[in-house]
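Structure file final_15.cif (mmCIF, C-alpha atoms) is printed below.
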data_query
#
loop_
_atom_site.label_atom_id
_atom_site.label_comp_id
_atom_site.auth_asym_id
_atom_site.auth_seq_id
_atom_site.Cartn_x
_atom_site.Cartn_y
_atom_site.Cartn_z
CA MET A 229 82.25 54.15 129.02
CA GLU A 230 81.32 57.75 128.39
CA HIS A 231 77.71 58.62 127.54
CA ILE A 232 75.94 61.81 126.60
CA PRO A 233 72.84 62.19 128.80
CA ILE A 234 69.46 62.14 127.06
CA LEU A 235 66.75 63.91 129.08
CA ARG A 236 63.05 63.33 128.62
CA MET A 237 60.65 66.29 128.66
CA GLY A 238 57.10 65.14 127.97
CA ASP A 239 57.12 63.69 124.49
CA CYS A 240 60.42 65.32 123.61
CA LEU A 241 64.01 64.24 124.19
CA LEU A 242 66.65 66.82 125.07
CA ILE A 243 70.32 66.30 124.33
CA THR A 244 72.89 68.94 125.19
CA ILE A 245 76.37 68.21 123.99
CA GLN A 246 78.70 69.76 126.57
CA VAL A 247 81.92 67.91 125.80
CA GLU A 248 84.06 67.73 122.70
CA MET A 249 82.54 65.08 120.48
CA HIS A 250 84.79 62.33 119.24
CA ASP A 251 83.81 59.65 116.79
CA ARG A 252 83.14 56.87 119.29
CA LEU A 253 81.00 59.16 121.45
CA ALA A 254 78.94 60.13 118.42
CA LEU A 255 78.32 56.48 117.59
CA THR A 256 77.30 55.76 121.20
CA LEU A 257 74.91 58.72 121.10
CA GLN A 258 73.36 57.33 117.92
CA ASP A 259 72.76 53.96 119.62
CA ASP A 260 71.44 55.49 122.84
CA LEU A 261 69.12 57.89 121.07
CA THR A 262 67.50 55.35 118.77
CA SER A 263 66.83 52.97 121.68
CA LYS A 264 65.51 55.84 123.82
CA ILE A 265 63.09 56.98 121.09
CA TYR A 266 61.95 53.41 120.69
CA ALA A 267 61.48 52.94 124.44
CA THR A 268 59.69 56.24 125.16
CA GLY A 269 57.85 56.80 121.92
CA ALA A 270 59.12 60.38 121.84
CA LYS A 271 57.81 62.61 119.06
CA GLY A 272 60.59 65.19 119.04
CA VAL A 273 64.35 65.38 119.58
CA LEU A 274 66.20 68.59 120.40
CA ILE A 275 69.99 68.61 120.07
CA ASP A 276 71.81 71.57 121.58
CA ILE A 277 75.30 72.01 120.13
CA SER A 278 76.04 75.51 121.47
CA ALA A 279 79.10 74.22 123.34
CA LEU A 280 80.48 72.41 120.32
CA GLU A 281 83.47 74.23 118.88
CA ILE A 282 84.89 71.73 116.43
CA VAL A 283 82.91 69.85 113.83
CA ASP A 284 84.45 67.69 111.12
CA SER A 285 82.86 65.93 108.16
CA PHE A 286 82.23 62.81 110.25
CA MET A 287 80.35 64.76 112.92
CA GLY A 288 78.34 66.54 110.24
CA ARG A 289 77.35 63.22 108.74
CA MET A 290 76.49 61.80 112.18
CA LEU A 291 74.12 64.70 112.84
CA ALA A 292 72.43 64.14 109.49
CA ASN A 293 72.19 60.39 110.20
CA ILE A 294 70.75 60.85 113.69
CA SER A 295 68.08 63.13 112.31
CA ALA A 296 67.21 60.67 109.52
CA MET A 297 66.99 57.78 112.00
CA ALA A 298 64.71 59.78 114.30
CA ARG A 299 62.50 60.57 111.31
CA VAL A 300 62.15 56.85 110.55
CA LEU A 301 61.08 56.33 114.18
CA ASP A 302 58.50 59.14 113.72
CA ALA A 303 60.27 61.83 115.71
CA SER A 304 61.29 65.20 114.28
CA THR A 305 64.75 66.55 115.12
CA ILE A 306 65.80 70.12 115.66
CA LEU A 307 69.40 71.31 115.95
CA VAL A 308 69.91 74.43 118.06
CA GLY A 309 72.67 76.87 118.96
CA MET A 310 75.16 76.21 116.21
CA ARG A 311 78.13 78.58 116.45
CA PRO A 312 78.99 80.80 113.46
CA ALA A 313 82.39 79.17 112.98
CA VAL A 314 80.82 75.71 112.97
CA ALA A 315 78.15 76.79 110.45
CA ILE A 316 80.83 78.22 108.13
CA THR A 317 82.91 75.04 108.43
CA LEU A 318 79.95 72.81 107.59
CA VAL A 319 79.05 74.93 104.56
CA GLU A 320 82.65 74.91 103.35
CA LEU A 321 82.72 71.12 103.77
CA GLY A 322 79.63 70.95 101.57
CA LEU A 323 77.52 69.50 104.41
CA GLU A 324 74.40 71.57 104.14
CA LEU A 325 72.36 69.18 106.30
CA PRO A 326 69.21 69.33 104.20
CA GLY A 327 66.09 68.24 106.03
CA ILE A 328 67.39 69.13 109.48
CA HIS A 329 65.42 71.84 111.26
CA THR A 330 67.41 74.46 113.11
CA ALA A 331 66.81 77.16 115.72
CA LEU A 332 68.87 79.84 117.40
CA ASP A 333 68.55 78.61 121.00
CA VAL A 334 66.93 75.92 123.14
CA GLU A 335 63.89 78.05 123.97
CA ARG A 336 62.99 78.81 120.36
CA GLY A 337 63.91 75.29 119.35
CA MET A 338 61.46 73.84 121.88
CA GLN A 339 58.75 76.21 120.60
CA LYS A 340 59.35 75.17 117.01
CA LEU A 341 59.48 71.49 117.93
CA ARG A 342 56.23 71.58 119.91
CA SER A 343 54.41 73.43 117.12
CA SER A 344 55.64 70.97 114.49
CA ILE A 345 54.57 68.02 116.67
CA ALA A 346 51.15 69.66 117.11
CA THR A 347 50.78 70.14 113.35
CA ALA A 348 51.82 66.54 112.69
CA GLN A 349 49.28 65.22 115.23
CA ALA A 350 46.52 67.44 113.79
CA HIS A 351 47.10 65.86 110.39
CA GLU A 352 46.75 62.31 111.65
CA MET B 349 137.11 92.34 89.81
CA PRO B 350 136.41 96.04 90.21
CA VAL B 351 138.97 98.10 92.01
CA TYR B 352 137.62 99.66 95.21
CA ALA B 353 139.27 102.70 96.61
CA SER B 354 139.35 103.66 100.24
CA VAL B 355 137.10 106.65 100.57
CA ASP B 356 138.38 109.66 102.37
CA SER B 357 135.68 110.94 104.71
CA GLU B 358 137.74 114.04 105.50
CA LEU B 359 137.47 115.13 101.87
CA ILE B 360 133.71 115.14 102.12
CA ARG B 361 133.67 116.80 105.49
CA SER B 362 135.94 119.64 104.44
CA HIS B 363 133.89 120.29 101.29
CA GLU B 364 130.52 119.74 102.95
CA GLN B 365 129.16 123.21 102.25
CA GLU B 366 130.25 123.15 98.64
CA LEU B 367 128.80 119.68 98.03
CA LEU B 368 125.54 120.70 99.61
CA ARG B 369 125.30 123.82 97.47
CA LEU B 370 126.01 121.90 94.25
CA TRP B 371 123.54 119.19 95.20
CA LEU B 372 120.71 121.62 95.92
CA GLU B 373 121.44 123.54 92.72
CA ASN B 374 121.33 120.32 90.79
CA LEU B 375 118.05 119.35 92.41
CA LYS B 376 116.59 122.74 91.61
CA SER B 377 117.71 122.69 87.97
CA SER B 378 116.22 119.23 87.49
CA GLY B 379 112.95 120.67 88.73
CA ARG B 380 112.69 118.08 91.47
CA SER B 381 113.84 120.02 94.48
CA GLY B 382 110.29 120.06 95.70
CA ASP B 383 107.09 122.01 95.26
CA GLN B 384 104.36 123.14 97.62
CA ARG B 385 104.46 119.69 99.25
CA THR B 386 107.95 120.16 100.65
CA LYS B 387 109.61 123.44 101.51
CA ALA B 388 113.08 124.26 100.19
CA ALA B 389 114.30 124.53 103.78
CA GLU B 390 113.07 121.05 104.50
CA VAL B 391 114.87 119.61 101.47
CA GLU B 392 118.05 121.38 102.55
CA GLN B 393 117.71 119.98 106.05
CA GLN B 394 117.24 116.47 104.64
CA ALA B 395 120.25 116.88 102.34
CA LYS B 396 122.40 118.03 105.25
CA GLU B 397 121.37 115.10 107.42
CA PHE B 398 121.99 112.67 104.57
CA LEU B 399 125.49 114.04 104.05
CA ASN B 400 126.28 113.82 107.77
CA LEU B 401 125.10 110.22 107.95
CA VAL B 402 127.08 109.30 104.82
CA ILE B 403 130.23 110.65 106.45
CA LYS B 404 129.47 108.67 109.60
CA GLY B 405 128.88 105.56 107.54
CA ILE B 406 132.13 105.90 105.62
CA GLN B 407 134.08 106.28 108.87
CA GLY B 408 132.71 102.88 109.91
CA GLY B 409 134.05 101.18 106.74
CA ASN B 410 132.11 98.33 105.09
CA LEU B 411 131.64 100.30 101.89
CA GLN B 412 130.33 97.33 99.92
CA ASP B 413 127.85 96.13 102.51
CA LEU B 414 125.02 98.51 103.25
CA GLN B 415 123.46 96.04 105.68
CA ALA B 416 126.39 96.50 108.07
CA ASP B 417 125.79 98.18 111.44
CA ASN B 418 127.55 101.43 110.63
CA TRP B 419 124.97 102.13 107.92
CA ALA B 420 121.96 101.49 110.16
CA GLN B 421 121.36 105.17 110.89
CA LEU B 422 121.51 106.09 107.22
CA ARG B 423 119.17 103.24 106.31
CA ALA B 424 116.66 104.36 108.91
CA PHE B 425 116.90 107.94 107.63
CA LEU B 426 116.27 106.83 104.04
CA GLU B 427 113.31 104.69 105.07
CA ASN B 428 111.75 107.60 106.92
CA PHE B 429 112.51 109.89 104.02
CA SER B 430 110.87 107.69 101.41
CA ARG B 431 107.88 106.96 103.64
CA ASP B 432 107.39 110.70 104.03
CA ARG B 433 107.67 111.22 100.28
CA ALA B 434 105.31 108.35 99.46
CA GLN B 435 102.67 109.68 101.84
CA LYS B 436 102.95 113.15 100.35
CA GLY B 437 102.23 111.67 96.94
CA PHE B 438 105.63 112.02 95.24
CA THR B 439 106.39 109.66 92.40
CA SER B 440 109.13 107.06 92.69
CA ASP B 441 111.52 108.83 90.31
CA GLN B 442 111.14 112.11 92.17
CA THR B 443 112.15 110.29 95.32
CA ALA B 444 115.07 108.42 93.77
CA THR B 445 116.40 111.55 92.01
CA PHE B 446 116.94 113.16 95.39
CA ILE B 447 119.69 110.62 96.09
CA PHE B 448 121.07 110.31 92.58
CA SER B 449 121.47 114.03 92.00
CA PHE B 450 124.06 114.04 94.77
CA LYS B 451 126.48 112.38 92.36
CA LYS B 452 127.15 115.32 90.08
CA GLY B 453 128.64 117.64 92.70
CA LEU B 454 130.53 114.81 94.29
CA PHE B 455 132.07 113.68 91.01
CA ASP B 456 133.14 117.24 90.20
CA LEU B 457 134.88 117.38 93.54
CA LEU B 458 136.57 114.04 93.02
CA LYS B 459 137.80 115.16 89.60
CA LYS B 460 139.37 118.26 91.10
CA THR B 461 141.13 116.46 93.94
CA ALA B 462 142.19 113.24 92.20
CA LYS B 463 145.92 112.55 91.90
CA ASP B 464 145.77 110.49 88.69
CA ALA B 465 143.34 108.81 86.30
CA ASP B 466 143.51 105.36 87.93
CA SER B 467 142.67 106.56 91.40
CA LEU B 468 139.86 108.73 89.97
CA VAL B 469 138.28 105.71 88.28
CA ALA B 470 138.57 103.67 91.46
CA GLN B 471 137.02 106.46 93.52
CA LEU B 472 134.21 107.00 91.03
CA TRP B 473 133.41 103.30 90.97
CA THR B 474 133.27 103.00 94.74
CA TRP B 475 131.04 106.03 95.06
CA THR B 476 128.73 104.95 92.23
CA GLU B 477 128.22 101.57 93.86
CA LEU B 478 127.55 103.17 97.22
CA ILE B 479 125.09 105.78 95.99
CA ASP B 480 123.31 103.35 93.70
CA SER B 481 122.69 100.93 96.52
CA LEU B 482 121.49 103.81 98.71
CA GLY B 483 119.12 104.80 95.92
CA LEU B 484 117.84 101.25 95.59
CA HIS B 485 117.28 101.04 99.31
CA THR B 486 115.23 104.24 99.16
CA PHE B 487 113.28 102.92 96.25
CA ASN B 488 112.48 99.66 98.06
CA ALA B 489 111.31 101.51 101.13
CA PHE B 490 109.19 103.78 98.94
CA GLN B 491 107.50 100.83 97.29
CA ARG B 492 106.90 99.12 100.64
CA THR B 493 105.15 102.21 101.96
CA ARG B 494 102.95 102.41 98.89
CA GLU B 495 102.00 98.77 99.29
CA GLU B 496 101.15 99.33 102.95
CA VAL B 497 98.86 102.18 101.93
CA ILE B 498 97.09 99.98 99.37
CA GLN B 499 96.76 97.14 101.86
CA ARG B 500 95.27 99.45 104.47
CA GLN B 501 92.77 100.89 102.02
CA HIS B 502 91.80 97.37 101.03
CA THR B 503 91.02 96.30 104.60
CA ASP B 504 89.22 99.60 105.27
CA MET B 505 87.03 98.95 102.27
CA LEU B 506 86.23 95.42 103.42
CA GLU B 507 85.07 96.72 106.78
CA LEU B 508 83.16 99.62 105.29
CA SER B 509 81.28 97.39 102.94
CA THR B 510 79.70 95.09 105.52
CA PRO B 511 77.38 97.08 107.75
CA VAL B 512 74.87 94.87 109.56
CA ILE B 513 71.74 96.85 110.42
CA LYS B 514 69.05 95.95 112.92
CA LEU B 515 65.81 96.75 111.12
CA TRP B 516 63.33 95.48 113.67
CA ASP B 517 63.31 93.35 116.76
CA GLY B 518 64.74 90.06 115.54
CA VAL B 519 65.28 91.26 111.98
CA LEU B 520 68.76 92.07 110.64
CA ALA B 521 69.59 93.53 107.23
CA LEU B 522 72.87 93.58 105.34
CA PRO B 523 72.99 95.80 102.28
CA MET B 524 75.80 94.52 100.08
CA ILE B 525 77.61 97.03 97.88
CA GLY B 526 80.28 96.25 95.31
CA VAL B 527 81.61 93.13 93.68
CA LEU B 528 81.25 89.95 95.73
CA ASP B 529 84.39 87.80 95.78
CA SER B 530 85.44 84.95 98.07
CA ALA B 531 87.27 87.19 100.55
CA ARG B 532 84.33 89.57 100.88
CA THR B 533 81.77 86.77 101.17
CA GLN B 534 83.85 85.33 103.98
CA VAL B 535 83.86 88.65 105.85
CA VAL B 536 80.15 89.20 105.18
CA MET B 537 79.30 85.69 106.39
CA GLU B 538 81.35 85.97 109.57
CA THR B 539 80.04 89.42 110.47
CA LEU B 540 76.43 88.51 109.81
CA LEU B 541 76.53 85.18 111.68
CA GLN B 542 78.24 86.85 114.63
CA ARG B 543 75.56 89.55 114.75
CA ILE B 544 72.80 86.94 114.53
CA VAL B 545 74.19 85.26 117.65
CA GLU B 546 74.64 88.56 119.49
CA THR B 547 71.18 89.90 118.75
CA GLY B 548 69.32 86.57 118.69
CA SER B 549 67.68 87.60 115.42
CA HIS B 550 65.68 84.97 113.63
CA ILE B 551 65.51 86.64 110.21
CA ALA B 552 68.34 88.10 108.15
CA ILE B 553 67.78 90.05 104.94
CA LEU B 554 70.60 90.09 102.37
CA ASP B 555 70.07 93.06 100.08
CA ILE B 556 72.01 92.81 96.83
CA THR B 557 70.85 96.07 95.22
CA GLY B 558 74.44 97.32 95.21
CA VAL B 559 75.96 94.21 93.67
CA PRO B 560 76.66 95.11 90.03
CA THR B 561 76.65 91.62 88.51
CA VAL B 562 75.66 88.16 89.61
CA ASP B 563 77.45 85.26 87.95
CA THR B 564 77.60 81.59 88.94
CA LEU B 565 80.38 82.25 91.44
CA VAL B 566 78.53 85.09 93.16
CA ALA B 567 75.38 82.97 93.23
CA GLN B 568 77.36 80.17 94.86
CA HIS B 569 78.68 82.57 97.49
CA LEU B 570 75.12 83.72 98.17
CA MET B 571 73.91 80.13 98.53
CA LYS B 572 76.72 79.41 101.01
CA THR B 573 75.79 82.39 103.14
CA VAL B 574 72.11 81.46 103.09
CA THR B 575 72.90 77.86 104.06
CA ALA B 576 75.15 78.93 106.93
CA ILE B 577 72.40 81.21 108.23
CA ARG B 578 69.89 78.37 108.05
CA LEU B 579 72.27 76.04 109.90
CA MET B 580 72.49 78.58 112.69
CA GLY B 581 68.73 78.41 113.04
CA ALA B 582 67.76 81.71 111.43
CA GLU B 583 65.97 82.42 108.19
CA CYS B 584 67.38 84.33 105.24
CA ILE B 585 65.62 86.48 102.66
CA VAL B 586 67.50 87.75 99.60
CA SER B 587 66.19 91.08 98.35
CA GLY B 588 67.08 93.80 95.88
CA ILE B 589 67.15 91.65 92.77
CA ARG B 590 67.12 93.94 89.74
CA PRO B 591 65.37 92.87 86.52
CA GLN B 592 68.65 92.34 84.65
CA ILE B 593 69.98 90.22 87.49
CA ALA B 594 66.83 88.10 87.53
CA GLN B 595 67.34 87.50 83.80
CA THR B 596 71.03 86.66 84.23
CA ILE B 597 70.29 84.19 87.02
CA VAL B 598 67.77 82.31 84.88
CA HIS B 599 69.98 82.39 81.76
CA LEU B 600 72.91 81.02 83.74
CA GLY B 601 70.73 78.20 85.03
CA VAL B 602 71.52 79.05 88.66
CA ASP B 603 69.15 77.20 90.96
CA LEU B 604 67.99 79.46 93.77
CA ALA B 605 65.39 76.96 94.96
CA GLY B 606 64.98 76.99 98.70
CA ILE B 607 65.96 80.65 98.96
CA THR B 608 63.26 83.21 99.61
CA THR B 609 63.77 86.11 97.22
CA LYS B 610 62.03 89.48 97.07
CA ALA B 611 62.33 92.30 94.56
CA ASN B 612 63.04 95.00 97.09
CA LEU B 613 63.92 95.56 100.72
CA ALA B 614 60.43 96.83 101.63
CA ASP B 615 58.81 93.57 100.53
CA ALA B 616 61.44 91.61 102.40
CA LEU B 617 60.80 93.58 105.59
CA ALA B 618 57.05 93.08 105.23
CA LEU B 619 57.58 89.32 104.91
CA ALA B 620 59.96 89.30 107.86
CA MET B 621 57.42 91.05 110.07
CA LYS B 622 54.65 88.74 108.95
CA ARG B 623 56.81 85.72 109.83
CA SER B 624 57.62 87.21 113.26
CA ALA B 625 53.92 87.74 113.90
CA ASP B 626 53.15 84.16 112.82
CA ALA B 627 55.82 82.83 115.15
CA MET B 628 54.26 84.78 118.05
CA VAL B 629 50.80 83.43 117.31
CA THR B 630 52.03 79.83 117.21
CA ALA B 631 53.98 80.37 120.42
CA ASN B 632 50.85 81.55 122.19
#
Give the structure from this file in structure tokens form.
Amino acid sequence: MEHIPILRMGDCLLITIQVEMHDRLALTLQDDLTSKIYATGAKGVLIDISALEIVDSFMGRMLANISAMARVLDASTILVGMRPAVAITLVELGLELPGIHTALDVERGMQKLRSSIATAQAHE
Amino acid sequence: MPVYASVDSELIRSHEQELLRLWLENLKSSGRSGDQRTKAAEVEQQAKEFLNLVIKGIQGGNLQDLQADNWAQLRAFLENFSRDRAQKGFTSDQTATFIFSFKKGLFDLLKKTAKDADSLVAQLWTWTELIDSLGLHTFNAFQRTREEVIQRQHTDMLELSTPVIKLWDGVLALPMIGVLDSARTQVVMETLLQRIVETGSHIAILDITGVPTVDTLVAQHLMKTVTAIRLMGAECIVSGIRPQIAQTIVHLGVDLAGITTKANLADALALAMKRSADAMVTAN
């Protein structure tokens, strides 16, 4: 069965989606990611969707779900590299993904993620 | 069932000069022969060519069907003619009169050469049908050209009205001018998002100083653009909100929560630069 690789970088998890997402793959990713966060105790998740060209309402909902699940497991999620066409489609579908943090590319996303983890830890 | 007569192309050919003279006189007396936009010589040239092509067309037969092959040359000529007229700014009736005024001279000629009343009626009917459909064809072509002009101006305006400016490193601005409708919002959104990707800018300023009114629909379009920008991972500041517009927005009950707004572009730029500086500090 096909899997999307989840890489560990310190206390962050890095997911780059390089293939066209279909529904089953998205569900597998959801399973894999939650167990990985649980196993590693990661504090941040970065999802790179710069290669993703097609997003439907299901995918939009999956992204929102994944981020909500990570939040419950005490990890903040950041979505990076969304293409203009994808952003327009999501907005037209009414999926505004409230609560998901976004960044332009992986580098800036990592910066943002690390600073938000640092702030969260400072508060504890 | 109307009676169609066979049309004698030789009759026209032999009286070509006379027909042409009568036609041009008629055009001149109706005051539509042309003005400074077209020279008299040019009109004469066009009339001559028209007459020649009519003769050619008649020789090919198919008098009732202008779409037939033998009329192709004449159709092309008329299309060119009306396009030329439309671009020079002639009105539709000025253009159509050019064709219709040909009738008078022709009918005079037919009256002179007709053998009896019945054949005259048949001839007149055939010619009227032919010239009317030629006139209609010209008119259609004229209208098509005008529509093309309007369409082109429309797209030009869309492109003109969406300039994306790079204000600072990582800061883009888009001054919006004119009424915001769905089509324009779409263009604005696509252009801006594309430029954000190209330049890697993290802040975009939407300046709505030039937007005359903001109603619920326009506000919704703005919200969509702002959301799309946020999804891409950039921030959006809306600036240039005039006092009246601020009042309208509140009276309409439009909820702009979650959107950073500033009164003018200068304030927006100041905020953008402050945010960039903050981002640098956190990064270090």
Applied to this file, what does the PyMOL selection byres ((chain B) within 8 of (chain A)) return in terms of residues, put as a short mmCIF file (atom, residue, chain, number, x, y, z; two decimals) with C-alpha atoms, in the frame of the given file?
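File part10.cif, as written:
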data_model
loop_
_atom_site.label_atom_id
_atom_site.label_comp_id
_atom_site.auth_asym_id
_atom_site.auth_seq_id
_atom_site.Cartn_x
_atom_site.Cartn_y
_atom_site.Cartn_z
CA MET B 537 79.30 85.69 106.39
CA GLU B 538 81.35 85.97 109.57
CA LEU B 541 76.53 85.18 111.68
CA GLN B 542 78.24 86.85 114.63
CA VAL B 545 74.19 85.26 117.65
CA GLY B 548 69.32 86.57 118.69
CA HIS B 550 65.68 84.97 113.63
CA LYS B 572 76.72 79.41 101.01
CA THR B 575 72.90 77.86 104.06
CA ALA B 576 75.15 78.93 106.93
CA ILE B 577 72.40 81.21 108.23
CA ARG B 578 69.89 78.37 108.05
CA LEU B 579 72.27 76.04 109.90
CA MET B 580 72.49 78.58 112.69
CA GLY B 581 68.73 78.41 113.04
CA ALA B 582 67.76 81.71 111.43
CA THR B 630 52.03 79.83 117.21
CA ALA B 631 53.98 80.37 120.42
#
Under the PyMOL selection byres ((chain B and resi 561-565) around 12), which residues of this model are included? Write them out as a short mmCIF file (atom, residue, chain, number, x, y, z; two decimals) with C-alpha atoms, in the coordinates of the input.
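Generated file (selection-v6.cif):
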data_model
loop_
_atom_site.label_atom_id
_atom_site.label_comp_id
_atom_site.auth_asym_id
_atom_site.auth_seq_id
_atom_site.Cartn_x
_atom_site.Cartn_y
_atom_site.Cartn_z
CA MET B 524 75.80 94.52 100.08
CA ILE B 525 77.61 97.03 97.88
CA GLY B 526 80.28 96.25 95.31
CA VAL B 527 81.61 93.13 93.68
CA LEU B 528 81.25 89.95 95.73
CA ASP B 529 84.39 87.80 95.78
CA SER B 530 85.44 84.95 98.07
CA THR B 533 81.77 86.77 101.17
CA ILE B 556 72.01 92.81 96.83
CA THR B 557 70.85 96.07 95.22
CA GLY B 558 74.44 97.32 95.21
CA VAL B 559 75.96 94.21 93.67
CA PRO B 560 76.66 95.11 90.03
CA VAL B 566 78.53 85.09 93.16
CA ALA B 567 75.38 82.97 93.23
CA GLN B 568 77.36 80.17 94.86
CA HIS B 569 78.68 82.57 97.49
CA LEU B 570 75.12 83.72 98.17
CA MET B 571 73.91 80.13 98.53
CA LYS B 572 76.72 79.41 101.01
CA ILE B 589 67.15 91.65 92.77
CA ARG B 590 67.12 93.94 89.74
CA PRO B 591 65.37 92.87 86.52
CA GLN B 592 68.65 92.34 84.65
CA ILE B 593 69.98 90.22 87.49
CA ALA B 594 66.83 88.10 87.53
CA GLN B 595 67.34 87.50 83.80
CA THR B 596 71.03 86.66 84.23
CA ILE B 597 70.29 84.19 87.02
CA VAL B 598 67.77 82.31 84.88
CA HIS B 599 69.98 82.39 81.76
CA LEU B 600 72.91 81.02 83.74
CA GLY B 601 70.73 78.20 85.03
CA VAL B 602 71.52 79.05 88.66
CA ASP B 603 69.15 77.20 90.96
CA LEU B 604 67.99 79.46 93.77
#
| query | Care to translate the PyMOL selection byres ((chain B and resi 621) around 12) into actual residues of this file, as a ChimeraX atom specification? | reply | /B:515-520,550-553,585,614-620,622-628
| task | Find the residues with any atom within 10 Å of (71.4, 62.0, 119.7); use all atoms listed in the file and the coordinates as given in the file, and write the answer as a ChimeraX atom specification. | result | /A:232-234,241-245,254-262,264-265,273-276,290-291,293-295,297-298,305
| query | How many Å separate atom CA of A:Leu235 from atom CA of A:Ala267? | reply |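 Computed distance, atom CA of A:Leu235 to atom CA of A:Ala267, equals 13.0 Å.
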| What is the distance, in Å and to one decimal place, between atom CA of A:Ala296 and atom CA of A:Gly272? |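 Atom CA of A:Ala296 sits 12.4 Å away from atom CA of A:Gly272.
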| query | If we count all atoms listed in the file, what is near B:Thr493 at a cut-off of 9 Å, once residues fewer than 4 positions away on the same chain are taken out, given as a list in words? | reply | Ser430, Arg431, Ala434, Gln435, Asn488, Ala489, Val497 and Ile498 of chain B
How would stretch 409-422 of chain B read, as a compact mmCIF listing (two decimals), keeping the file's coordinate frame, once N, CA, C and O atoms are built in?
# COMPACT_ATOMS: atom_id res chain seq x y z
N GLY B 409 133.58 102.18 107.70
CA GLY B 409 134.05 101.18 106.74
C GLY B 409 132.88 100.43 106.10
O GLY B 409 131.78 100.98 105.99
N ASN B 410 133.14 99.18 105.71
CA ASN B 410 132.11 98.33 105.09
C ASN B 410 131.43 99.00 103.89
O ASN B 410 130.21 99.03 103.80
N LEU B 411 132.22 99.52 102.99
CA LEU B 411 131.64 100.30 101.89
C LEU B 411 130.78 99.45 100.96
O LEU B 411 129.86 99.95 100.34
N GLN B 412 131.09 98.15 100.87
CA GLN B 412 130.33 97.33 99.92
C GLN B 412 129.10 96.68 100.54
O GLN B 412 128.31 96.07 99.85
N ASP B 413 128.96 96.82 101.86
CA ASP B 413 127.85 96.13 102.51
C ASP B 413 126.98 97.12 103.27
O ASP B 413 127.28 97.49 104.40
N LEU B 414 125.89 97.50 102.64
CA LEU B 414 125.02 98.51 103.25
C LEU B 414 124.25 97.96 104.44
O LEU B 414 123.67 98.71 105.22
N GLN B 415 124.22 96.62 104.57
CA GLN B 415 123.46 96.04 105.68
C GLN B 415 124.26 96.05 106.98
O GLN B 415 123.74 95.67 108.04
N ALA B 416 125.55 96.49 106.87
CA ALA B 416 126.39 96.50 108.07
C ALA B 416 125.87 97.52 109.08
O ALA B 416 125.12 98.43 108.75
N ASP B 417 126.32 97.36 110.35
CA ASP B 417 125.79 98.18 111.44
C ASP B 417 126.04 99.67 111.28
O ASP B 417 125.20 100.48 111.64
N ASN B 418 127.22 100.00 110.69
CA ASN B 418 127.55 101.43 110.63
C ASN B 418 126.64 102.19 109.66
O ASN B 418 126.59 103.39 109.67
N TRP B 419 125.89 101.46 108.84
CA TRP B 419 124.97 102.13 107.92
C TRP B 419 123.53 102.17 108.45
O TRP B 419 122.63 102.68 107.78
N ALA B 420 123.33 101.61 109.63
CA ALA B 420 121.96 101.49 110.16
C ALA B 420 121.25 102.83 110.24
O ALA B 420 120.09 102.95 109.84
N GLN B 421 121.98 103.85 110.73
CA GLN B 421 121.36 105.17 110.89
C GLN B 421 120.92 105.73 109.55
O GLN B 421 119.84 106.28 109.41
N LEU B 422 121.81 105.57 108.55
CA LEU B 422 121.51 106.09 107.22
C LEU B 422 120.32 105.35 106.62
O LEU B 422 119.43 105.94 106.01
